[in-house]
Amino acid sequence: MQFKDSSTNAFYQKISAFIPQNRLFTDPLKTLAWGADASFYRQLPQMVVFPKDEEETARVLKTANEHGVPVVFRASGTSLSGQASTKSVLLVAGQLWERYEVLDNGERIKLQPGILGGRVNEILAKYGRKFPPDPASINAARVGGVISNNASGMNCGTHANSERVMESAKLIFADGTILDVADPKSREDFSKNKPDFLKRLLEIRDSVRNDAELFELIERKYRIKNVTGLNLRPLIAYDDPFDVISRLIVGSEGTLAFLAEATMKTEKIPARCASAMIYANTLREACCAVQILKKAPVVSAEILDRKALRSVEDSPSVPDFIKDLGPDASAVLLETKAETVEELEKQIDEIKSSLADFPLLFPVEFTEDPKIYGAWWAMRSGVFPTVGGMRDLGTTALIEDVAFPIDVLPEATVELQALIDKYGYKDGVIYGHALEGNFHFVLNQRFDSQAEIDRYKGLMLEVVDLVVDKYHGSLKAEHGTGRNMAPFVEREWGAKAFSVMKELKALFDPNNVLNPGVIFNDDPECYIKDFKPLPPTNPIVDKCIECGFCEPNCLTCGNTLSSRQRIVVRREISRLKRDQSDPARLDALQRAYRVPGEATCAGDGLCSTSCPMGINVGELTHALREENAPKGSCAYKLGDFSAKNLSCVKSCLRPVLGLARIGRNVLGDAGTTTVGRLLHKFGLPLWTPSLPKPFKIKKSRVPRAEFADSSSNAYKEGVDKVVYFPSCINQTMGGSLKEQPLVETTVKLLEKAGFTVVFPPQYENLCCGTIWESKGMPDIADRKTKELEEALWKASCEGKYPVLCDQSPCLHRMREKISKMELFEPAEFIEKFLVDRLDFHQIDEPISVHITCTMRKMKLGQTLVDLAKRCSSNVLVPEEIGCCGFAGDKGFTRPEINAFALRKLEPQIKENGVVAGYSNSRTCEVGLSTNSGVPYMSIVYLVDRCTTPKK
Ligand SMILES: Cc1cc2nc3c(=O)[nH]c(=O)nc-3n(C[C@H](O)[C@H](O)[C@H](O)COP(=O)(O)OP(=O)(O)OC[C@H]3O[C@@H](n4cnc5c(N)ncnc54)[C@H](O)[C@@H]3O)c2cc1C
């Protein structure tokens, strides 16, 4: 590998001696994919490195420092100000840095930087506690990024941000020195080895403390949220130099040192909370109300200006009267929290009386009903995605982030609104954490012409005048300085404070290798350079803002490409196709995309569940597959043939499964695993002991079931019938052990509950179409669904009998496409129709439950868990297991994706002594069995085992 400059070459040579190639990327695909963060800037790294531990990181940093090669750290890349990207080396500390230790019964927690904020909250919830910093991006952001940006949100204000709740940190400096502030030995070593560092730090600290004007400035500026520049508060707030060092890292955006570990205090989740939505005639009045609320027992007060309200007014959860409010009406969403009912009521009274004389549009009404206040908070959270979703193609949705002192909030906010109007940002909504004086404004901005860049520049320069000169606020309250505000740090803080920041930077990073250009940037125009191109690629994903919220739900994130990275690469491919500027790069990207981009995308669409705009990258993958298998191609013809002859295809598959079964009987489980892996290396689908036996429905085995014919099955009043459509998978695959095939067990269970089972006519040839949809043949898929619909319509006597399908992914597609009859998956059907007809006999065997992606999408996960809990008193829902990655057939052809997606399963299964797992998708169950060490099967088996007919 050759780089343009010799220092990068030397750096690469040295680090490739200890970082293996699967954790060091220089290719066009991966450097492009990892280059993107959520900001509107784009810089492509020359290499992306994934050190696995502190030792490797220290060596990488030391080498970079020696060669003067810039390094930028990356957690999740949800940053908005351009602080998580680079043209040099990107060092990712994400999934390999997820360890944690809960301390003092959850009162403190030790965290590595790669753990997701949402995961920390999940861990702490068991202790009734939470991670105090609460950015809206908490589920997608990682601890390293949250702390390094000093990110905050609706509740943590300035009192519970990372600096306030940090207890200690472990840092790796640019020269490779590791300091664990919590470890006396490490402090002692540091003092011995770096006496000059400590001496200089104390000099800087004391010079600040001895300068009354500077001291007062620092105190004043941190009374409201402020993340512009380096965090200077530690210099006046902490005496111990090591406490100062660890807190200086908060908000330093990777410019001072690498954060390898942090111990943080946690926060108790209050027992009770209540919210109120209040409405004022104008934005100014809403701000005045917030000034009053600042003195009341309120934990958050979120303002939504008229445009923000208008952006969400069409949402079904938003009350109709919002549409009729006046032209400047604004809302404030309040929250108050307490430990007891009495305390909460007292607080509500106090808030109400504080606003008693205030001219609000409606009386203040609090609610403790999560359904009602949930809708309000959803309305607040919906502002950004809705505005972003309405933007024109080719524009990017910018979120700006300023704060004003609370005493000037009304006039400053009104002037901010006027500025946004002056520059013609029609959708420029203002909303945010008014209690902290912090507002976001969203701009849908183009950067493809000088006029547009000038417009943005004009606005920003006037915003700086307004925020800094006129109202002495913060240019960045939460999102970090980045390169976006770097040219204005000195303007905001003044020369003296800025020189202190520069001295700190020089002390920590004398060779300026850690994130140069961020916070400190000599180019006064750096904020209007390196804009990210957002060329159209496919309407399915064109609205994507590359925020990265999808990534925690993308099973290949961190393995091949994430959903966001797929979009980034497709955009670049489309741009290169249009420009014709670099055919070699276009060709390289197109070829490189095939496996990591297309072939390994499970297409499950779970990414859409956490995307603010609901974008489903699985649909993009299906569209690309459609392009690759056009009508008339061999693949299409084969697909068409299989669809028309499904029952024959199944008949051909059964002998293959039979052969595999004979092989397993001969070789045993261990032998099958070894031979299966070997054969897979030669390109064959993976053969494992979990592969099911062949199966065919025999009428003699389900004697009482009715097999509907095409002349329809007469509806009989008072007869409990259910139309059972066994998915084609369950018509072909039986169990993997000695269990009765699922179809027979399902019939047995239904009959036990007094139902007569009807199979639809021609069931052998029926399919929901999912297979063809996933292969990019939507017309064939729809044809199969239509056939199925007709058969089910007849068998159910035009919808009079309920229809049950035993495979959740199939049922999901059926529900999306067939609306004229009631369709159920097993857990749901059992909960609705069978529980009252059966006696449950709970076992205490430890079992686990896998919630498939489609169960999640249909919001049936809890139904499955509840049903399992009726059957066993010991149910494990393994943590951090999303999509299993089997994706219909991919588990056979790309088992590595299945194994990656389930990498955290087996340890939990072992730790909890689980003996069997239950789900409702046969193919997922094959992969789950292979990767967990215990058999997984349909929940129907468990219910059948644990029930008898109702006495
Ligand atoms: C839609 C949306 C909403 C958002 N809402 C909020 C909000 O409400 N409040 C808020 O504060 N922010 C918000 N953000 C911004 C952003 O999500 C947060 O600041 C978040 O904490 C960044 O975390 P990350 O894991 O993505 O970090 P990254 O973006 O990966 O990194 C952030 C910074 O930390 C540095 N860094 C990362 N890891 C380390 C490490 N181990 N050691 C040293 N430095 C490191 C990086 O170099 C970078 O400068 C939002 C972003 C989006 C897209």
# chains A, B, ... in the order shown; residues from 1 in each chain; ligands from 1
>>> select_by_dssp(residues="range 213-461 of chain A", states="strand (DSSP E)", output="PyMOL selection string")
chain A and resi 258-265+267-268+272-280+300-304+330-338+366-367+396-403+430-433+438-445
>>> residues_around(residues="Asn920 in chain A", least_positions_apart="5", cutoff="8 Å", atoms="only C-alpha atoms", output="PyMOL selection string")
chain A and resi 806-808+826+852+925+937-939
>>> residues_near_ligand(ligand="ligand 1", cutoff="7 Å", atoms="only C-alpha atoms and all ligand atoms", output="PyMOL selection string")
chain A and resi 37-38+72-80+83-84+93+113+134-138+140-153+253-254+257-260+478-480+482+515+547-548
>>> write_last_selection(atoms="N, CA and C atoms", output="compact mmCIF listing (two decimals), in the first residue's frame")
# COMPACT_ATOMS: atom_id res chain seq x y z
N ASP A 37 -19.71 10.74 8.83
CA ASP A 37 -20.37 10.85 10.13
C ASP A 37 -21.69 11.59 9.90
N ALA A 38 -22.35 12.00 10.97
CA ALA A 38 -23.68 12.60 10.78
C ALA A 38 -23.62 14.07 10.36
N VAL A 72 -7.83 10.62 14.16
CA VAL A 72 -9.14 11.05 14.67
C VAL A 72 -9.87 9.84 15.23
N PHE A 73 -10.40 10.00 16.43
CA PHE A 73 -11.12 8.88 17.06
C PHE A 73 -12.56 8.88 16.61
N ARG A 74 -13.11 7.68 16.57
CA ARG A 74 -14.50 7.54 16.16
C ARG A 74 -15.20 6.58 17.11
N ALA A 75 -16.33 6.98 17.64
CA ALA A 75 -17.16 6.06 18.42
C ALA A 75 -18.27 5.59 17.47
N SER A 76 -19.41 6.34 17.43
CA SER A 76 -20.48 5.95 16.49
C SER A 76 -20.58 6.87 15.28
N GLY A 77 -19.89 7.99 15.32
CA GLY A 77 -19.98 8.91 14.19
C GLY A 77 -21.36 9.54 14.04
N THR A 78 -22.00 9.90 15.16
CA THR A 78 -23.28 10.62 15.07
C THR A 78 -23.06 12.11 15.30
N SER A 79 -21.81 12.52 15.33
CA SER A 79 -21.51 13.93 15.55
C SER A 79 -22.00 14.78 14.41
N LEU A 80 -22.35 16.02 14.75
CA LEU A 80 -22.98 16.90 13.76
C LEU A 80 -22.08 18.05 13.33
N GLN A 83 -16.56 16.78 13.74
CA GLN A 83 -15.42 16.46 14.60
C GLN A 83 -15.02 15.00 14.55
N ALA A 84 -15.76 14.16 13.81
CA ALA A 84 -15.45 12.72 13.85
C ALA A 84 -14.98 12.21 12.49
N ALA A 93 -13.09 3.13 17.92
CA ALA A 93 -13.22 2.40 19.20
C ALA A 93 -14.71 2.20 19.43
N PRO A 113 -15.19 2.92 26.09
CA PRO A 113 -15.81 3.98 25.28
C PRO A 113 -16.73 3.50 24.17
N ASP A 134 -27.95 12.69 28.45
CA ASP A 134 -29.11 12.15 27.73
C ASP A 134 -29.33 12.78 26.35
N PRO A 135 -28.30 12.77 25.48
CA PRO A 135 -28.57 13.32 24.14
C PRO A 135 -29.68 12.52 23.46
N ALA A 136 -30.38 13.18 22.54
CA ALA A 136 -31.45 12.49 21.82
C ALA A 136 -30.89 11.30 21.04
N SER A 137 -29.59 11.32 20.79
CA SER A 137 -28.95 10.25 20.03
C SER A 137 -28.45 9.12 20.92
N ILE A 138 -28.90 9.06 22.16
CA ILE A 138 -28.30 8.15 23.15
C ILE A 138 -28.29 6.68 22.70
N ALA A 140 -27.88 5.53 19.74
CA ALA A 140 -26.92 5.29 18.65
C ALA A 140 -25.50 5.71 19.03
N ALA A 141 -25.38 6.64 19.98
CA ALA A 141 -24.06 7.16 20.34
C ALA A 141 -23.38 6.25 21.35
N ARG A 142 -22.05 6.30 21.33
CA ARG A 142 -21.28 5.49 22.28
C ARG A 142 -20.69 6.39 23.36
N VAL A 143 -20.38 5.74 24.49
CA VAL A 143 -19.94 6.50 25.65
C VAL A 143 -18.74 7.41 25.33
N GLY A 144 -17.79 6.90 24.54
CA GLY A 144 -16.61 7.70 24.18
C GLY A 144 -17.01 8.99 23.49
N GLY A 145 -18.00 8.90 22.60
CA GLY A 145 -18.47 10.06 21.87
C GLY A 145 -19.29 11.00 22.75
N VAL A 146 -20.11 10.40 23.61
CA VAL A 146 -20.95 11.22 24.50
C VAL A 146 -20.06 12.06 25.42
N ILE A 147 -19.05 11.40 26.01
CA ILE A 147 -18.18 12.12 26.94
C ILE A 147 -17.31 13.12 26.18
N SER A 148 -16.77 12.70 25.05
CA SER A 148 -15.85 13.59 24.33
C SER A 148 -16.55 14.79 23.73
N ASN A 149 -17.85 14.67 23.48
CA ASN A 149 -18.62 15.84 23.00
C ASN A 149 -19.30 16.57 24.15
N ASN A 150 -19.22 16.02 25.35
CA ASN A 150 -20.02 16.51 26.48
C ASN A 150 -21.49 16.66 26.04
N ALA A 151 -21.98 15.59 25.44
CA ALA A 151 -23.34 15.61 24.88
C ALA A 151 -24.36 15.63 26.01
N SER A 152 -25.47 16.29 25.74
CA SER A 152 -26.52 16.35 26.76
C SER A 152 -27.87 16.47 26.06
N GLY A 153 -28.93 16.43 26.85
CA GLY A 153 -30.25 16.43 26.20
C GLY A 153 -31.29 17.17 27.01
N GLU A 253 -13.44 16.48 22.33
CA GLU A 253 -13.66 16.03 20.94
C GLU A 253 -12.44 15.31 20.36
N GLY A 254 -11.78 14.54 21.19
CA GLY A 254 -10.65 13.74 20.70
C GLY A 254 -9.42 14.56 20.38
N ALA A 257 -6.62 13.52 24.16
CA ALA A 257 -6.15 12.16 24.45
C ALA A 257 -7.26 11.18 24.10
N PHE A 258 -6.91 9.91 24.08
CA PHE A 258 -7.91 8.86 23.84
C PHE A 258 -8.50 8.46 25.18
N LEU A 259 -9.82 8.39 25.23
CA LEU A 259 -10.50 7.97 26.45
C LEU A 259 -10.68 6.45 26.38
N ALA A 260 -9.97 5.73 27.27
CA ALA A 260 -10.02 4.27 27.20
C ALA A 260 -11.04 3.69 28.17
N GLU A 478 -24.44 21.77 22.84
CA GLU A 478 -24.39 20.32 23.07
C GLU A 478 -23.55 19.58 22.03
N HIS A 479 -23.61 20.01 20.80
CA HIS A 479 -23.16 19.15 19.70
C HIS A 479 -21.66 19.18 19.42
N GLY A 480 -20.93 20.00 20.14
CA GLY A 480 -19.48 20.04 19.93
C GLY A 480 -19.10 21.12 18.92
N GLY A 482 -16.38 21.10 16.76
CA GLY A 482 -16.01 20.52 15.47
C GLY A 482 -15.24 21.50 14.61
N ASN A 515 -6.79 14.90 16.20
CA ASN A 515 -7.90 15.61 15.60
C ASN A 515 -7.59 17.07 15.24
N CYS A 547 -27.31 9.97 9.74
CA CYS A 547 -27.15 10.22 11.18
C CYS A 547 -26.62 9.01 11.92
N GLY A 548 -26.81 7.81 11.35
CA GLY A 548 -26.28 6.62 12.00
C GLY A 548 -27.21 6.00 13.02
>>> atom_distance(atom1="CA of His680 in chain A", atom2="CA of Val49 in chain A")
29.5 Å
>>> atom_distance(atom1="CA of Ala795 in chain A", atom2="CA of Val723 in chain A")
6.5 Å
>>> closest_residue(among="A:Glu525, A:Glu56, A:Glu503, A:Glu828", to="Arg483 in chain A", atoms="only C-alpha atoms")
A:Glu525
>>> residues_around(residues="Thr930 in chain A", least_positions_apart="3", cutoff="12 Å", atoms="only C-alpha atoms", output="ChimeraX atom specification")
/A:669-670,672-673,676,686-692,736,884,886,891-892,895-896,898-899,902-903,905-906,917,923-927,933-936
>>> closest_residue(among="A:Val569, A:Thr756, A:Phe549, A:Ser315", to="Gly118 in chain A", atoms="only C-alpha atoms")
A:Phe549
>>> closest_residue(among="A:Leu459, A:Cys544, A:Ala237, A:Ala477", to="Gly389 in chain A", atoms="only C-alpha atoms")
A:Cys544
>>> closest_residue(among="A:Lys748, A:His812, A:Arg677, A:Lys904", to="Thr947 in chain A", atoms="only C-alpha atoms")
A:Lys748
>>> closest_atom_pairs(of="range 757-802 of chain A", to="range 700-703 of chain A", cutoff="12 Å", atoms="only C-alpha atoms", output="tab-separated table")
residue	atom	partner	partner_atom	distance
A:Val757	CA	A:Val702	CA	9.2
A:Val758	CA	A:Val702	CA	10.6
A:Phe759	CA	A:Val702	CA	10.5
